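Heads up, the thing below is written out as structure tokens.
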Amino acid sequence: MASIEQRLQVLEDKDEIRELTARYCYAVVAQDGQALLGMFTEDGEFHMGEHAWRGQAELRKLYVDQVGNIGPKPFIQNHVIQVDGDAATGNCAVEIRVIEKGESVTACGHYDDQYRRENGRWKFAKRVFHLYHWAKLAEGWAKPAAPPDLR
Amino acid sequence: MASIEQRLQVLEDKDEIRELTARYCYAVVAQDGQALLGMFTEDGEFHMGEHAWRGQAELRKLYVDQVGNIGPKPFIQNHVIQVDGDAATGNCAVEIRVIEKGESVTACGHYDDQYRRENGRWKFAKRVFHLYHWAKLAEGWAKPAAPPDLR
Amino acid sequence: MASIEQRLQVLEDKDEIRELTARYCYAVVAQDGQALLGMFTEDGEFHMGEHAWRGQAELRKLYVDQVGNIGPKPFIQNHVIQVDGDAATGNCAVEIRVIEKGESVTACGHYDDQYRRENGRWKFAKRVFHLYHWAKLAEGWAKPAAPPDLR
């Protein structure tokens with residue numbers, strides 16, 4: 001049986017994790033690669049489709065070199081989190097507005113997230129992005145386009 | 001005056017109810033009718049427009065037979081919840097991406113929800129969906145279309 | 001070191017503030033200007049672009065005279081809140097569906113919010129809206145339009 005303090009801690013942890021995913025969005029919009037890197041653990045990973053970026057050096061390529069090209073505006077919803085001490089897993093959905101080669105693109109999907117507490121702060125240990133569709137706004141998701149190669 | 005434990009319980013209840021509506025979205029995306037049915041009480045109801053689905057047998061027609069046809073991608077926002085013991089009411093807004101007869105459709109609205117705790121788990125007792133608009137993406141919500149008949 | 005009661009209070013405050021921004025959306029959809037005014041402090045402010053509405057009389061012009069014209073449907077995400085006693089600051093993102101002169105418009109951005117507790121209830125002390133884009137759905141955000149002049 002969890003104590004009051006333990007139950008409160010879980011709610012605080014979930015609150016901080018939800019805000020982590022929100023702060024991630026603001027950093028993406030601001031194209032603040034340094035802030036984004038700081039939200040991942042040293043061995044943090046991001047997976048999308050066939051590709052993965054592992055560790056801070058590879059994440060830097062994604063968040064500093066690539067994100068600016070498409071100027072994503074991400075909006076997070078449907079967050080579910082399970083906390084287990086200093087580790088946690090979660091899912092959150094996202095709608096993203098992008099401009100790709102001068103065209104308006106709307107994408108959505110969800111993240112399978114792994115979070116880890118380091119030095120008292122929750123960070124992303126691993127984000128696996130499951131794309132529902134990547135669609136030109138003029139074409140719609142009934143005729144989805146191929147997502148860009150971000151390597 | 002509520003005790004610390006009672007106040008904590010309310011926050012835990014609201015957290016679980018928010019996650020219930022999120023898990024509902026993932027089950028809709030996965031077209032997991034069985035999971036959706038398990039989120040409703042035995043006498044659970046879903047109302048949309050003039051029609052209602054009452055009880056597990058009718059809900060099964062909606063969630064197993066109909067949902068797959070339009071492959072909805074729902075995104076929940078603006079959640080407000082009032083907890084009263086083992087019952088709760090709430091509102092949450094939703095944006096939904098659908099493909100209807102090969103065309104991209106964007107819909108939005110909000111739910112008037114009633115939740116009930118059964119065997120220690122929060123479930124939907126009643127969802128009343130208030131549609132703001134159901135619009136072909138190519139036409140926009142200035143010229144909304146008629147929503148499909150899901151009976 | 002915060003006590004259990006203090007930590008619980010912060011979570012309750014954040015929960016009420018999140019619901020304040022949600023109730024704001026429902027009042028906007030319902031075009032309930034009176035409810036919207038009641039969510040602002042007496043000296044409450046709303047800022048957008050170059051213009052500001054300060055105090056209840058000016059806010060009334062915005063929320064009662066203007067909001068109805070474009071019938072916004074706002075959806076809030078990415079909420080981050082810092083509570084400091086009876087004051088709080090926060091950011092929340094928003095996607096908004098509008099009909100402007102018969103055309104479907106999609107807008108998004110985020111609020112820099114200041115909240116204040118008055119008579120035991122959290123209210124908006126100041127909302128500064130940062131527009132990401134205001135776009136005709138038929139044109140897309142790659143060719144954003146000018147937002148309307150709401151003065």
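In the structure tokens, the first chain shown is A, the next is B, and so on; residue numbers restart at 1 for each chain, and ligands run from 1 in the order shown.
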- Give the residues of chain A that lie within 8 Å of chain C; count only C-alpha atoms, and format the answer as a ChimeraX atom specification. /A:5,8,12,19,21-23,25,75-77,99,102-104,137-138
Can those selected residues be exported to a file as a PDB file, in the first residue's frame so that it contains N, CA and C atoms?
ATOM      1  N   GLU A   5       2.785  10.097   0.840  1.00  0.00           N
ATOM      2  CA  GLU A   5       3.932  10.759   0.215  1.00  0.00           C
ATOM      3  C   GLU A   5       4.275  10.093  -1.121  1.00  0.00           C
ATOM      4  N   LEU A   8       1.622  11.040  -3.694  1.00  0.00           N
ATOM      5  CA  LEU A   8       1.825  12.419  -4.123  1.00  0.00           C
ATOM      6  C   LEU A   8       3.009  12.509  -5.085  1.00  0.00           C
ATOM      7  N   GLU A  12       3.247  14.127  -8.826  1.00  0.00           N
ATOM      8  CA  GLU A  12       4.237  15.158  -9.170  1.00  0.00           C
ATOM      9  C   GLU A  12       5.110  14.703 -10.344  1.00  0.00           C
ATOM     10  N   GLU A  19       4.906  18.089 -18.465  1.00  0.00           N
ATOM     11  CA  GLU A  19       5.508  19.388 -18.796  1.00  0.00           C
ATOM     12  C   GLU A  19       6.794  19.211 -19.611  1.00  0.00           C
ATOM     13  N   THR A  21       7.184  17.037 -21.981  1.00  0.00           N
ATOM     14  CA  THR A  21       6.759  16.914 -23.382  1.00  0.00           C
ATOM     15  C   THR A  21       6.249  18.245 -23.913  1.00  0.00           C
ATOM     16  N   ALA A  22       5.695  19.071 -23.053  1.00  0.00           N
ATOM     17  CA  ALA A  22       5.247  20.404 -23.483  1.00  0.00           C
ATOM     18  C   ALA A  22       6.442  21.312 -23.760  1.00  0.00           C
ATOM     19  N   ARG A  23       7.422  21.294 -22.844  1.00  0.00           N
ATOM     20  CA  ARG A  23       8.610  22.127 -23.040  1.00  0.00           C
ATOM     21  C   ARG A  23       9.370  21.711 -24.299  1.00  0.00           C
ATOM     22  N   CYS A  25       7.974  20.770 -27.003  1.00  0.00           N
ATOM     23  CA  CYS A  25       7.278  21.436 -28.126  1.00  0.00           C
ATOM     24  C   CYS A  25       7.717  22.891 -28.254  1.00  0.00           C
ATOM     25  N   PHE A  75       1.865  19.782 -31.272  1.00  0.00           N
ATOM     26  CA  PHE A  75       0.822  19.941 -30.249  1.00  0.00           C
ATOM     27  C   PHE A  75       0.536  18.565 -29.656  1.00  0.00           C
ATOM     28  N   ILE A  76       0.762  18.439 -28.342  1.00  0.00           N
ATOM     29  CA  ILE A  76       0.705  17.138 -27.653  1.00  0.00           C
ATOM     30  C   ILE A  76      -0.661  16.908 -27.009  1.00  0.00           C
ATOM     31  N   GLN A  77      -1.148  15.663 -27.144  1.00  0.00           N
ATOM     32  CA  GLN A  77      -2.415  15.288 -26.499  1.00  0.00           C
ATOM     33  C   GLN A  77      -2.355  13.833 -26.027  1.00  0.00           C
ATOM     34  N   ILE A  99       6.223  23.184 -42.623  1.00  0.00           N
ATOM     35  CA  ILE A  99       6.345  23.720 -43.991  1.00  0.00           C
ATOM     36  C   ILE A  99       7.530  23.007 -44.641  1.00  0.00           C
ATOM     37  N   GLY A 102       8.238  24.680 -49.074  1.00  0.00           N
ATOM     38  CA  GLY A 102       7.241  25.693 -49.412  1.00  0.00           C
ATOM     39  C   GLY A 102       5.805  25.234 -49.350  1.00  0.00           C
ATOM     40  N   GLU A 103       5.567  23.979 -48.960  1.00  0.00           N
ATOM     41  CA  GLU A 103       4.197  23.476 -48.907  1.00  0.00           C
ATOM     42  C   GLU A 103       3.774  23.189 -47.472  1.00  0.00           C
ATOM     43  N   SER A 104       2.502  23.461 -47.165  1.00  0.00           N
ATOM     44  CA  SER A 104       1.951  23.216 -45.829  1.00  0.00           C
ATOM     45  C   SER A 104       1.715  21.726 -45.660  1.00  0.00           C
ATOM     46  N   LEU A 137      -1.280  19.536 -46.843  1.00  0.00           N
ATOM     47  CA  LEU A 137      -2.604  20.046 -46.497  1.00  0.00           C
ATOM     48  C   LEU A 137      -3.494  20.102 -47.738  1.00  0.00           C
ATOM     49  N   ALA A 138      -2.904  20.391 -48.864  1.00  0.00           N
ATOM     50  CA  ALA A 138      -3.673  20.499 -50.109  1.00  0.00           C
ATOM     51  C   ALA A 138      -4.125  19.131 -50.633  1.00  0.00           C
TER      52      ALA A 138
END
- Item | DSSP strand (DSSP E or B) selection over region 13-96 of chain A, as a PyMOL selection string | chain A and resi 40-48+51-54+73-84+87-96
- Query: Can you tell me, as a list in words, what residues are no more than 12 Å from Arg54 (chain C) when counting only C-alpha atoms, ignoring any on the same chain fewer than 2 positions away?
  - Reply: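 Those residues are Leu37, Phe40, Thr41, Glu42, Asp43, Gly44, Glu45, Phe46, His47, Met48, His51, Ala52, Gln56, Ala57, Glu58, Leu59, Arg60, Lys61, Leu62, Phe124, Ala125, Lys126, Arg127 and Val128 of chain C.
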Write a file of the just-selected residues containing N, CA and C atoms, as a short mmCIF file (atom, residue, chain, number, x, y, z; two decimals), in the first residue's frame.
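Saved result, selection-v9.cif, follows:
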data_model
loop_
_atom_site.label_atom_id
_atom_site.label_comp_id
_atom_site.auth_asym_id
_atom_site.auth_seq_id
_atom_site.Cartn_x
_atom_site.Cartn_y
_atom_site.Cartn_z
N LEU C 37 -15.44 37.18 -19.16
CA LEU C 37 -15.03 38.32 -18.34
C LEU C 37 -14.79 37.90 -16.90
N PHE C 40 -11.30 36.70 -15.87
CA PHE C 40 -10.20 37.67 -15.77
C PHE C 40 -10.32 38.45 -14.46
N THR C 41 -9.18 38.84 -13.92
CA THR C 41 -9.19 39.74 -12.78
C THR C 41 -9.73 41.11 -13.23
N GLU C 42 -10.07 41.93 -12.27
CA GLU C 42 -10.63 43.25 -12.58
C GLU C 42 -9.70 44.04 -13.50
N ASP C 43 -8.39 43.89 -13.26
CA ASP C 43 -7.38 44.60 -14.06
C ASP C 43 -6.77 43.69 -15.13
N GLY C 44 -7.48 42.64 -15.48
CA GLY C 44 -6.96 41.64 -16.42
C GLY C 44 -6.64 42.25 -17.78
N GLU C 45 -5.69 41.63 -18.47
CA GLU C 45 -5.24 42.13 -19.78
C GLU C 45 -5.17 41.00 -20.79
N PHE C 46 -5.43 41.37 -22.05
CA PHE C 46 -5.21 40.45 -23.17
C PHE C 46 -4.41 41.19 -24.22
N HIS C 47 -3.30 40.59 -24.64
CA HIS C 47 -2.42 41.21 -25.63
C HIS C 47 -2.34 40.34 -26.87
N MET C 48 -2.43 40.96 -28.03
CA MET C 48 -2.25 40.22 -29.28
C MET C 48 -1.61 41.19 -30.27
N HIS C 51 -1.63 45.20 -30.16
CA HIS C 51 -2.73 45.75 -29.38
C HIS C 51 -2.91 45.04 -28.04
N ALA C 52 -3.49 45.79 -27.10
CA ALA C 52 -3.82 45.22 -25.79
C ALA C 52 -5.19 45.71 -25.36
N GLN C 56 -11.66 45.28 -17.40
CA GLN C 56 -12.91 44.61 -17.78
C GLN C 56 -13.65 45.34 -18.91
N ALA C 57 -13.61 46.66 -18.92
CA ALA C 57 -14.37 47.39 -19.94
C ALA C 57 -13.80 47.12 -21.33
N GLU C 58 -12.48 47.14 -21.45
CA GLU C 58 -11.87 46.85 -22.75
C GLU C 58 -12.01 45.38 -23.13
N LEU C 59 -11.86 44.51 -22.12
CA LEU C 59 -12.03 43.08 -22.40
C LEU C 59 -13.45 42.79 -22.89
N ARG C 60 -14.40 43.55 -22.36
CA ARG C 60 -15.79 43.36 -22.81
C ARG C 60 -15.91 43.62 -24.30
N LYS C 61 -15.21 44.64 -24.78
CA LYS C 61 -15.25 44.93 -26.23
C LYS C 61 -14.73 43.74 -27.03
N LEU C 62 -13.64 43.15 -26.53
CA LEU C 62 -13.07 42.01 -27.23
C LEU C 62 -13.99 40.80 -27.18
N PHE C 124 -7.34 34.71 -14.91
CA PHE C 124 -6.32 35.28 -15.79
C PHE C 124 -6.04 36.72 -15.35
N ALA C 125 -4.76 37.00 -15.08
CA ALA C 125 -4.35 38.38 -14.83
C ALA C 125 -3.85 39.01 -16.13
N LYS C 126 -3.27 38.17 -17.00
CA LYS C 126 -2.74 38.68 -18.26
C LYS C 126 -2.53 37.51 -19.21
N ARG C 127 -3.04 37.67 -20.42
CA ARG C 127 -2.77 36.71 -21.49
C ARG C 127 -2.11 37.44 -22.65
N VAL C 128 -0.94 36.98 -23.02
CA VAL C 128 -0.26 37.52 -24.20
C VAL C 128 -0.25 36.41 -25.26
#
- Do you know which residues are at most 10 Å from Ala30 (chain A) counting only C-alpha atoms, after dropping those on the same chain fewer than 3 positions away, and could you put them as a ChimeraX atom specification? /A:24-27,33,35,68,71-73
Can you spit out the residues from that selection as a compact mmCIF listing (two decimals), in the first residue's frame, using C-alpha atoms?
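Below is the file part_17.txt, written as the result:
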# COMPACT_ATOMS: atom_id res chain seq x y z
CA TYR A 24 9.92 19.90 -25.83
CA CYS A 25 7.28 21.44 -28.13
CA TYR A 26 8.21 25.01 -27.21
CA ALA A 27 11.88 24.22 -27.79
CA GLY A 33 18.48 22.61 -30.20
CA ALA A 35 17.36 22.96 -24.88
CA GLY A 68 15.05 24.05 -38.42
CA GLY A 71 9.94 24.49 -38.65
CA PRO A 72 7.59 22.05 -36.92
CA LYS A 73 4.79 23.25 -34.66
- Item | CA of Asp113 (chain C) to CA of Ile70 (chain C), straight-line distance in Å |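 Result for CA of Ile70 (chain C) versus CA of Asp113 (chain C): 22.8 Å, one decimal.
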- Query: What separation in Å, quoted to one decimal, exists between CA of Val29 (chain A) and CA of Pro74 (chain A)?
  - Reply: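 Result for CA of Val29 (chain A) versus CA of Pro74 (chain A): 7.6 Å, one decimal.
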- Message: Taking the DSSP secondary structure from the backbone, can you list the residues of region 38-80 of chain A that are helix (DSSP H, G or I), as a PyMOL selection string?
- Response: chain A and resi 38+55-70
- Message: Using Å and a single decimal, report how far CA of Gly85 (chain C) sits from CA of Asp13 (chain A).
- Response: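 About the pair CA of Asp13 (chain A) and CA of Gly85 (chain C): they are 20.5 Å apart.
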